[in-house]
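Data file: start_18.pdb. Format and content: PDB, C-alpha atoms and all ligand atoms.
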ATOM      1  CA  MET V   1     -25.376  12.683 -10.912  1.00  0.00           C
ATOM      2  CA  ASN V   2     -27.027  16.096 -11.090  1.00  0.00           C
ATOM      3  CA  GLN V   3     -25.559  19.548 -11.659  1.00  0.00           C
ATOM      4  CA  ASP V   4     -25.252  20.368  -7.945  1.00  0.00           C
ATOM      5  CA  GLN V   5     -23.259  17.219  -7.346  1.00  0.00           C
ATOM      6  CA  LEU V   6     -21.039  17.838 -10.369  1.00  0.00           C
ATOM      7  CA  SER V   7     -20.154  21.327  -9.222  1.00  0.00           C
ATOM      8  CA  LEU V   8     -19.538  20.078  -5.667  1.00  0.00           C
ATOM      9  CA  TYR V   9     -17.180  17.387  -6.966  1.00  0.00           C
ATOM     10  CA  ALA V  10     -15.379  19.897  -9.179  1.00  0.00           C
ATOM     11  CA  ALA V  11     -14.935  22.256  -6.223  1.00  0.00           C
ATOM     12  CA  ILE V  12     -13.503  19.450  -4.089  1.00  0.00           C
ATOM     13  CA  ALA V  13     -11.159  18.316  -6.861  1.00  0.00           C
ATOM     14  CA  GLN V  14      -9.873  21.868  -7.237  1.00  0.00           C
ATOM     15  CA  SER V  15      -9.697  23.145  -3.682  1.00  0.00           C
ATOM     16  CA  GLY V  16     -10.477  20.232  -1.373  1.00  0.00           C
ATOM     17  CA  ILE V  17      -8.218  19.104   1.445  1.00  0.00           C
ATOM     18  CA  ALA V  18      -5.842  16.201   0.810  1.00  0.00           C
ATOM     19  CA  ILE V  19      -6.278  13.197   3.083  1.00  0.00           C
ATOM     20  CA  THR V  20      -4.861   9.685   2.810  1.00  0.00           C
ATOM     21  CA  PHE V  21      -7.148   6.675   3.020  1.00  0.00           C
ATOM     22  CA  ASN V  22      -5.398   3.457   4.074  1.00  0.00           C
ATOM     23  CA  LYS V  23      -7.638   0.615   2.942  1.00  0.00           C
ATOM     24  CA  LYS V  24      -6.940  -2.866   4.252  1.00  0.00           C
ATOM     25  CA  THR V  25      -7.342  -5.448   1.535  1.00  0.00           C
ATOM     26  CA  GLY V  26      -6.669  -9.146   1.316  1.00  0.00           C
ATOM     27  CA  ASP V  27      -8.316 -12.532   0.889  1.00  0.00           C
ATOM     28  CA  PRO V  28     -11.394 -13.643   2.817  1.00  0.00           C
ATOM     29  CA  CYS V  29     -10.455 -15.976   5.690  1.00  0.00           C
ATOM     30  CA  PRO V  30     -11.946 -19.480   5.323  1.00  0.00           C
ATOM     31  CA  CYS V  31     -13.137 -19.272   8.940  1.00  0.00           C
ATOM     32  CA  ALA V  32     -15.715 -16.681   7.943  1.00  0.00           C
ATOM     33  CA  THR V  33     -17.942 -19.094   6.085  1.00  0.00           C
ATOM     34  CA  SER V  34     -17.344 -22.174   8.231  1.00  0.00           C
ATOM     35  CA  GLY V  35     -20.252 -21.549  10.572  1.00  0.00           C
ATOM     36  CA  ASP V  36     -23.619 -23.245  10.634  1.00  0.00           C
ATOM     37  CA  GLY V  37     -26.088 -22.478   7.902  1.00  0.00           C
ATOM     38  CA  GLY V  38     -23.742 -20.360   5.852  1.00  0.00           C
ATOM     39  CA  ARG V  39     -23.463 -17.776   8.645  1.00  0.00           C
ATOM     40  CA  VAL V  40     -20.690 -15.291   7.862  1.00  0.00           C
ATOM     41  CA  GLY V  41     -18.543 -14.334  10.811  1.00  0.00           C
ATOM     42  CA  TYR V  42     -15.340 -15.029  12.687  1.00  0.00           C
ATOM     43  CA  SER V  43     -14.951 -18.614  13.884  1.00  0.00           C
ATOM     44  CA  ALA V  44     -12.426 -19.282  16.645  1.00  0.00           C
ATOM     45  CA  GLU V  45     -13.423 -22.941  16.404  1.00  0.00           C
ATOM     46  CA  TRP V  46     -12.349 -23.171  12.766  1.00  0.00           C
ATOM     47  CA  HIS V  47      -8.954 -21.728  13.660  1.00  0.00           C
ATOM     48  CA  ARG V  48      -8.573 -24.217  16.543  1.00  0.00           C
ATOM     49  CA  GLU V  49      -9.333 -27.052  14.132  1.00  0.00           C
ATOM     50  CA  ASN V  50      -6.974 -25.651  11.473  1.00  0.00           C
ATOM     51  CA  PRO V  51      -3.948 -24.530  13.497  1.00  0.00           C
ATOM     52  CA  ASP V  52      -1.652 -24.448  10.468  1.00  0.00           C
ATOM     53  CA  ALA V  53      -3.835 -22.060   8.494  1.00  0.00           C
ATOM     54  CA  ASP V  54      -3.131 -18.330   8.474  1.00  0.00           C
ATOM     55  CA  HIS V  55      -4.888 -16.632  11.371  1.00  0.00           C
ATOM     56  CA  CYS V  56      -7.070 -13.644  10.580  1.00  0.00           C
ATOM     57  CA  ASN V  57      -7.214 -12.552  14.248  1.00  0.00           C
ATOM     58  CA  GLY V  58     -10.869 -11.742  13.853  1.00  0.00           C
ATOM     59  CA  SER V  59     -10.471  -9.425  10.889  1.00  0.00           C
ATOM     60  CA  LEU V  60     -11.778 -12.109   8.463  1.00  0.00           C
ATOM     61  CA  ILE V  61      -8.940 -11.101   6.110  1.00  0.00           C
ATOM     62  CA  ILE V  62      -5.751 -13.063   5.442  1.00  0.00           C
ATOM     63  CA  ASN V  63      -2.756 -12.108   3.270  1.00  0.00           C
ATOM     64  CA  ALA V  64      -3.616  -8.558   4.259  1.00  0.00           C
ATOM     65  CA  SER V  65      -1.975  -5.529   2.783  1.00  0.00           C
ATOM     66  CA  VAL V  66      -2.813  -1.851   2.861  1.00  0.00           C
ATOM     67  CA  SER V  67      -3.698   0.185  -0.203  1.00  0.00           C
ATOM     68  CA  VAL V  68      -2.784   3.827   0.190  1.00  0.00           C
ATOM     69  CA  ILE V  69      -5.306   5.980  -1.635  1.00  0.00           C
ATOM     70  CA  ASN V  70      -4.800   9.714  -2.014  1.00  0.00           C
ATOM     71  CA  CYS V  71      -8.089  11.525  -1.609  1.00  0.00           C
ATOM     72  CA  LYS V  72      -9.582  14.963  -1.509  1.00  0.00           C
ATOM     73  CA  THR V  73     -12.496  16.006   0.622  1.00  0.00           C
ATOM     74  CA  LEU V  74     -14.181  18.918   2.313  1.00  0.00           C
ATOM     75  CA  LEU V  75     -12.699  18.728   5.786  1.00  0.00           C
ATOM     76  CA  TYR V  76     -13.757  20.500   8.954  1.00  0.00           C
ATOM     77  CA  ASN V  77     -12.136  20.507  12.357  1.00  0.00           C
ATOM     78  CA  ALA V  78     -14.525  20.073  15.279  1.00  0.00           C
ATOM     79  CA  ASP V  79     -14.399  23.773  16.145  1.00  0.00           C
ATOM     80  CA  GLN V  80     -15.356  24.724  12.587  1.00  0.00           C
ATOM     81  CA  ILE V  81     -18.634  22.832  12.831  1.00  0.00           C
ATOM     82  CA  LYS V  82     -21.159  25.586  13.312  1.00  0.00           C
ATOM     83  CA  THR V  83     -24.311  24.357  11.651  1.00  0.00           C
ATOM     84  CA  ASP V  84     -26.950  22.780  13.837  1.00  0.00           C
ATOM     85  CA  GLU V  85     -27.532  20.187  11.133  1.00  0.00           C
ATOM     86  CA  LEU V  86     -24.011  18.780  11.448  1.00  0.00           C
ATOM     87  CA  LYS V  87     -24.077  19.070  15.234  1.00  0.00           C
ATOM     88  CA  ALA V  88     -27.306  17.117  15.321  1.00  0.00           C
ATOM     89  CA  MET V  89     -25.814  14.447  13.069  1.00  0.00           C
ATOM     90  CA  PHE V  90     -22.943  13.387  15.252  1.00  0.00           C
ATOM     91  CA  GLY V  91     -23.772  14.814  18.663  1.00  0.00           C
ATOM     92  CA  GLU V  92     -21.060  16.279  20.878  1.00  0.00           C
ATOM     93  CA  LEU V  93     -17.714  16.418  19.054  1.00  0.00           C
ATOM     94  CA  GLN V  94     -14.321  16.054  20.706  1.00  0.00           C
ATOM     95  CA  PRO V  95     -11.612  18.658  19.909  1.00  0.00           C
ATOM     96  CA  ASP V  96      -9.615  16.078  17.907  1.00  0.00           C
ATOM     97  CA  ASP V  97     -12.578  15.072  15.739  1.00  0.00           C
ATOM     98  CA  ILE V  98     -12.744  15.966  12.090  1.00  0.00           C
ATOM     99  CA  VAL V  99     -15.682  15.777   9.739  1.00  0.00           C
ATOM    100  CA  ILE V 100     -15.298  14.992   6.043  1.00  0.00           C
ATOM    101  CA  ASN V 101     -17.886  15.700   3.394  1.00  0.00           C
ATOM    102  CA  VAL V 102     -17.618  13.641   0.191  1.00  0.00           C
ATOM    103  CA  LEU V 103     -14.466  11.524  -0.205  1.00  0.00           C
ATOM    104  CA  LEU V 104     -13.008  11.579  -3.715  1.00  0.00           C
ATOM    105  CA  ASN V 105     -10.220   9.331  -5.001  1.00  0.00           C
ATOM    106  CA  SER V 106      -7.633  11.767  -6.394  1.00  0.00           C
ATOM    107  CA  SER V 107      -6.549   9.363  -9.136  1.00  0.00           C
ATOM    108  CA  ASP V 108      -9.891   9.284 -10.971  1.00  0.00           C
ATOM    109  CA  TRP V 109     -12.181  11.582  -8.908  1.00  0.00           C
ATOM    110  CA  SER V 110     -14.555   8.735  -8.187  1.00  0.00           C
ATOM    111  CA  GLU V 111     -16.410   8.954  -4.887  1.00  0.00           C
ATOM    112  CA  ILE V 112     -15.445   6.431  -2.215  1.00  0.00           C
ATOM    113  CA  ASP V 113     -18.553   4.950  -0.602  1.00  0.00           C
ATOM    114  CA  MET V 114     -18.182   5.312   3.166  1.00  0.00           C
ATOM    115  CA  SER V 115     -20.423   2.298   3.739  1.00  0.00           C
ATOM    116  CA  GLY V 116     -17.483   0.152   2.594  1.00  0.00           C
ATOM    117  CA  ILE V 117     -15.035   1.622   5.124  1.00  0.00           C
ATOM    118  CA  SER V 118     -14.266  -0.457   8.217  1.00  0.00           C
ATOM    119  CA  GLU V 119     -13.606   1.225  11.557  1.00  0.00           C
ATOM    120  CA  GLN V 120     -11.513  -1.787  12.614  1.00  0.00           C
ATOM    121  CA  ASP V 121      -9.373  -2.222   9.504  1.00  0.00           C
ATOM    122  CA  ASP V 122      -9.182   1.055   7.613  1.00  0.00           C
ATOM    123  CA  THR V 123      -7.529   4.299   8.661  1.00  0.00           C
ATOM    124  CA  PHE V 124      -7.001   7.842   7.444  1.00  0.00           C
ATOM    125  CA  THR V 125      -3.862   9.950   7.682  1.00  0.00           C
ATOM    126  CA  TYR V 126      -4.230  13.708   7.919  1.00  0.00           C
ATOM    127  CA  ASN V 127      -1.685  16.228   9.216  1.00  0.00           C
ATOM    128  CA  GLY V 128       0.489  13.377  10.474  1.00  0.00           C
ATOM    129  CA  ASN V 129      -2.295  11.957  12.648  1.00  0.00           C
ATOM    130  CA  THR V 130      -4.248   8.727  12.243  1.00  0.00           C
ATOM    131  CA  TYR V 131      -8.035   8.569  12.238  1.00  0.00           C
ATOM    132  CA  VAL V 132     -10.788   5.995  11.865  1.00  0.00           C
ATOM    133  CA  LEU V 133     -14.257   6.469  10.446  1.00  0.00           C
ATOM    134  CA  ARG V 134     -16.584   6.277  13.466  1.00  0.00           C
ATOM    135  CA  GLN V 135     -19.831   6.898  11.609  1.00  0.00           C
ATOM    136  CA  TYR V 136     -21.226   8.453   8.474  1.00  0.00           C
ATOM    137  CA  LYS V 137     -24.518   9.890   7.337  1.00  0.00           C
ATOM    138  CA  ASP V 138     -26.194  10.597   4.036  1.00  0.00           C
ATOM    139  CA  LEU V 139     -26.853  14.302   3.837  1.00  0.00           C
ATOM    140  CA  GLN V 140     -29.507  15.511   1.478  1.00  0.00           C
ATOM    141  CA  VAL V 141     -28.337  18.200  -0.936  1.00  0.00           C
ATOM    142  CA  SER V 142     -31.243  19.470  -3.028  1.00  0.00           C
ATOM    143  CA  ASP V 143     -32.555  16.294  -4.669  1.00  0.00           C
ATOM    144  CA  SER V 144     -29.557  14.052  -4.109  1.00  0.00           C
ATOM    145  CA  PHE V 145     -27.356  12.835  -1.268  1.00  0.00           C
ATOM    146  CA  CYS V 146     -23.758  13.241  -0.258  1.00  0.00           C
ATOM    147  CA  GLN V 147     -21.929  11.422   2.517  1.00  0.00           C
ATOM    148  CA  VAL V 148     -20.617  13.081   5.642  1.00  0.00           C
ATOM    149  CA  GLY V 149     -18.264  11.142   7.891  1.00  0.00           C
ATOM    150  CA  LEU V 150     -17.032  11.597  11.468  1.00  0.00           C
ATOM    151  CA  LEU V 151     -13.344  10.742  11.903  1.00  0.00           C
ATOM    152  CA  LYS V 152     -11.917   9.994  15.352  1.00  0.00           C
ATOM    153  CA  ARG V 153      -8.217  10.456  16.016  1.00  0.00           C
ATOM    154  CA  ILE V 154      -6.524   7.295  17.274  1.00  0.00           C
ATOM    155  CA  ALA V 155      -2.841   8.230  16.962  1.00  0.00           C
TER
HETATM  156 ZN    ZN D   1     -10.303 -16.350  10.367  1.00  0.00          ZN
END

Show me, as structure tokens, the structure contained in the file I just sent.
Ligand SMILES: [Zn+2]
Amino acid sequence: MNQDQLSLYAAIAQSGIAITFNKKTGDPCPCATSGDGGRVGYSAEWHRENPDADHCNGSLIINASVSVINCKTLLYNADQIKTDELKAMFGELQPDDIVINVLLNSSDWSEIDMSGISEQDDTFTYNGNTYVLRQYKDLQVSDSFCQVGLLKRIA
């Protein structure tokens, strides 16, 4: 991590916006690896053949629970997005959209890698509303990268 990144992280820790990340966790469903040739994916067939097993309903996770992670980030509402760079990243934004830049876990200030966030399973809570991560991009900042994510409101 270089000096620019360190000062960015420090600024977010001090004056970033609080957002809650609800991460679905659990055990991998046996159906996921039942396919031919070690293919990983949902198998309706496996669940038909094993009717007594827990059903993952396509999520590939059983015994699911949700970890609530308090985070801080740089957060922008759609109407605050002025730079052409961000506009070009995500295209036309809806009024409910928010954009987050660098997601830090408030308990240890580690960065949460957006590539591990599932649009189907994981949600964010901000201002009493619920969002999902629709897409993210790596944004170059001097000689390193930071992640910028587009959150869509679903409730
Ligand atoms: Zn399954």

| said: Taking all atoms listed in the file into account, which residues have an atom no farther than 7 Å from ligand ZN 1 (chain D)? I'd like them as a list in words. | reply: Cys29, Pro30, Cys31, Ala32, Tyr42, Ser43, His47, His55, Cys56, Asn57, Gly58, Ser59, Leu60 and Ile61 of chain V

| Quick one: residues within 8 Å of segment 138-151 of chain V, only C-alpha atoms counted, chain neighbours fewer than 5 positions away excluded, as a PyMOL selection string? | chain V and resi 2+4-5+90+97-103+113-114+131-133

Export of prior selection with C-alpha atoms as a compact mmCIF listing (two decimals), keeping the file's coordinate frame:
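Generated file (part_33.txt):
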# COMPACT_ATOMS: atom_id res chain seq x y z
CA ASN V 2 -27.03 16.10 -11.09
CA ASP V 4 -25.25 20.37 -7.94
CA GLN V 5 -23.26 17.22 -7.35
CA PHE V 90 -22.94 13.39 15.25
CA ASP V 97 -12.58 15.07 15.74
CA ILE V 98 -12.74 15.97 12.09
CA VAL V 99 -15.68 15.78 9.74
CA ILE V 100 -15.30 14.99 6.04
CA ASN V 101 -17.89 15.70 3.39
CA VAL V 102 -17.62 13.64 0.19
CA LEU V 103 -14.47 11.52 -0.20
CA ASP V 113 -18.55 4.95 -0.60
CA MET V 114 -18.18 5.31 3.17
CA TYR V 131 -8.04 8.57 12.24
CA VAL V 132 -10.79 6.00 11.86
CA LEU V 133 -14.26 6.47 10.45

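Candidate residues V:Lys72, V:Lys24, V:Arg48, V:Lys137 were compared for distance to Ser115 of chain V, and the nearest is V:Lys137, using only C-alpha atoms.
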
Once the PyMOL selection byres (((chain V and resi 110) around 12) and not hetatm) is applied to the coordinates I shared, what remains selected? I want it as a JSON list (two decimals) with C-alpha atoms, keeping the file's coordinate frame.
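After the write, expr33.json holds the following:
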[["chain", "number", "residue", "atom", "x", "y", "z"],
["V", 1, "MET", "CA", -25.38, 12.68, -10.91],
["V", 6, "LEU", "CA", -21.04, 17.84, -10.37],
["V", 9, "TYR", "CA", -17.18, 17.39, -6.97],
["V", 10, "ALA", "CA", -15.38, 19.90, -9.18],
["V", 12, "ILE", "CA", -13.50, 19.45, -4.09],
["V", 13, "ALA", "CA", -11.16, 18.32, -6.86],
["V", 69, "ILE", "CA", -5.31, 5.98, -1.64],
["V", 70, "ASN", "CA", -4.80, 9.71, -2.01],
["V", 71, "CYS", "CA", -8.09, 11.52, -1.61],
["V", 72, "LYS", "CA", -9.58, 14.96, -1.51],
["V", 73, "THR", "CA", -12.50, 16.01, 0.62],
["V", 102, "VAL", "CA", -17.62, 13.64, 0.19],
["V", 103, "LEU", "CA", -14.47, 11.52, -0.20],
["V", 104, "LEU", "CA", -13.01, 11.58, -3.72],
["V", 105, "ASN", "CA", -10.22, 9.33, -5.00],
["V", 106, "SER", "CA", -7.63, 11.77, -6.39],
["V", 107, "SER", "CA", -6.55, 9.36, -9.14],
["V", 108, "ASP", "CA", -9.89, 9.28, -10.97],
["V", 109, "TRP", "CA", -12.18, 11.58, -8.91],
["V", 111, "GLU", "CA", -16.41, 8.95, -4.89],
["V", 112, "ILE", "CA", -15.44, 6.43, -2.22],
["V", 113, "ASP", "CA", -18.55, 4.95, -0.60]]

| Of the listed residues V:Asp27, V:Glu45, V:Asp84, V:Asp79, that which approaches Ile62 of chain V most closely, counting only C-alpha atoms |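 Checking each of V:Asp27, V:Glu45, V:Asp84, V:Asp79 against Ile62 of chain V, counting only C-alpha atoms, the winner is V:Asp27.
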
Could you give me the axis-aligned bounding box of segment 122-129 of chain V, with 3 Å of padding per side, as centre plus edge lengths in Å to one decimal, as AutoDock Vina command-line options?
--center_x -4.3 --center_y 8.6 --center_z 10.0 --size_x 15.7 --size_y 21.2 --size_z 11.2

| What do you get, as a list in words, if you spell out every residue that the PyMOL selection byres (((chain V and resi 130) around 10) and not hetatm) selects here? |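 Output from the PyMOL selection byres (((chain V and resi 130) around 10) and not hetatm), applied to this file: Thr20, Phe21, Asn22, Thr123, Phe124, Thr125, Tyr126, Asn127, Gly128, Asn129, Tyr131, Val132, Leu151, Lys152, Arg153, Ile154 and Ala155 of chain V.
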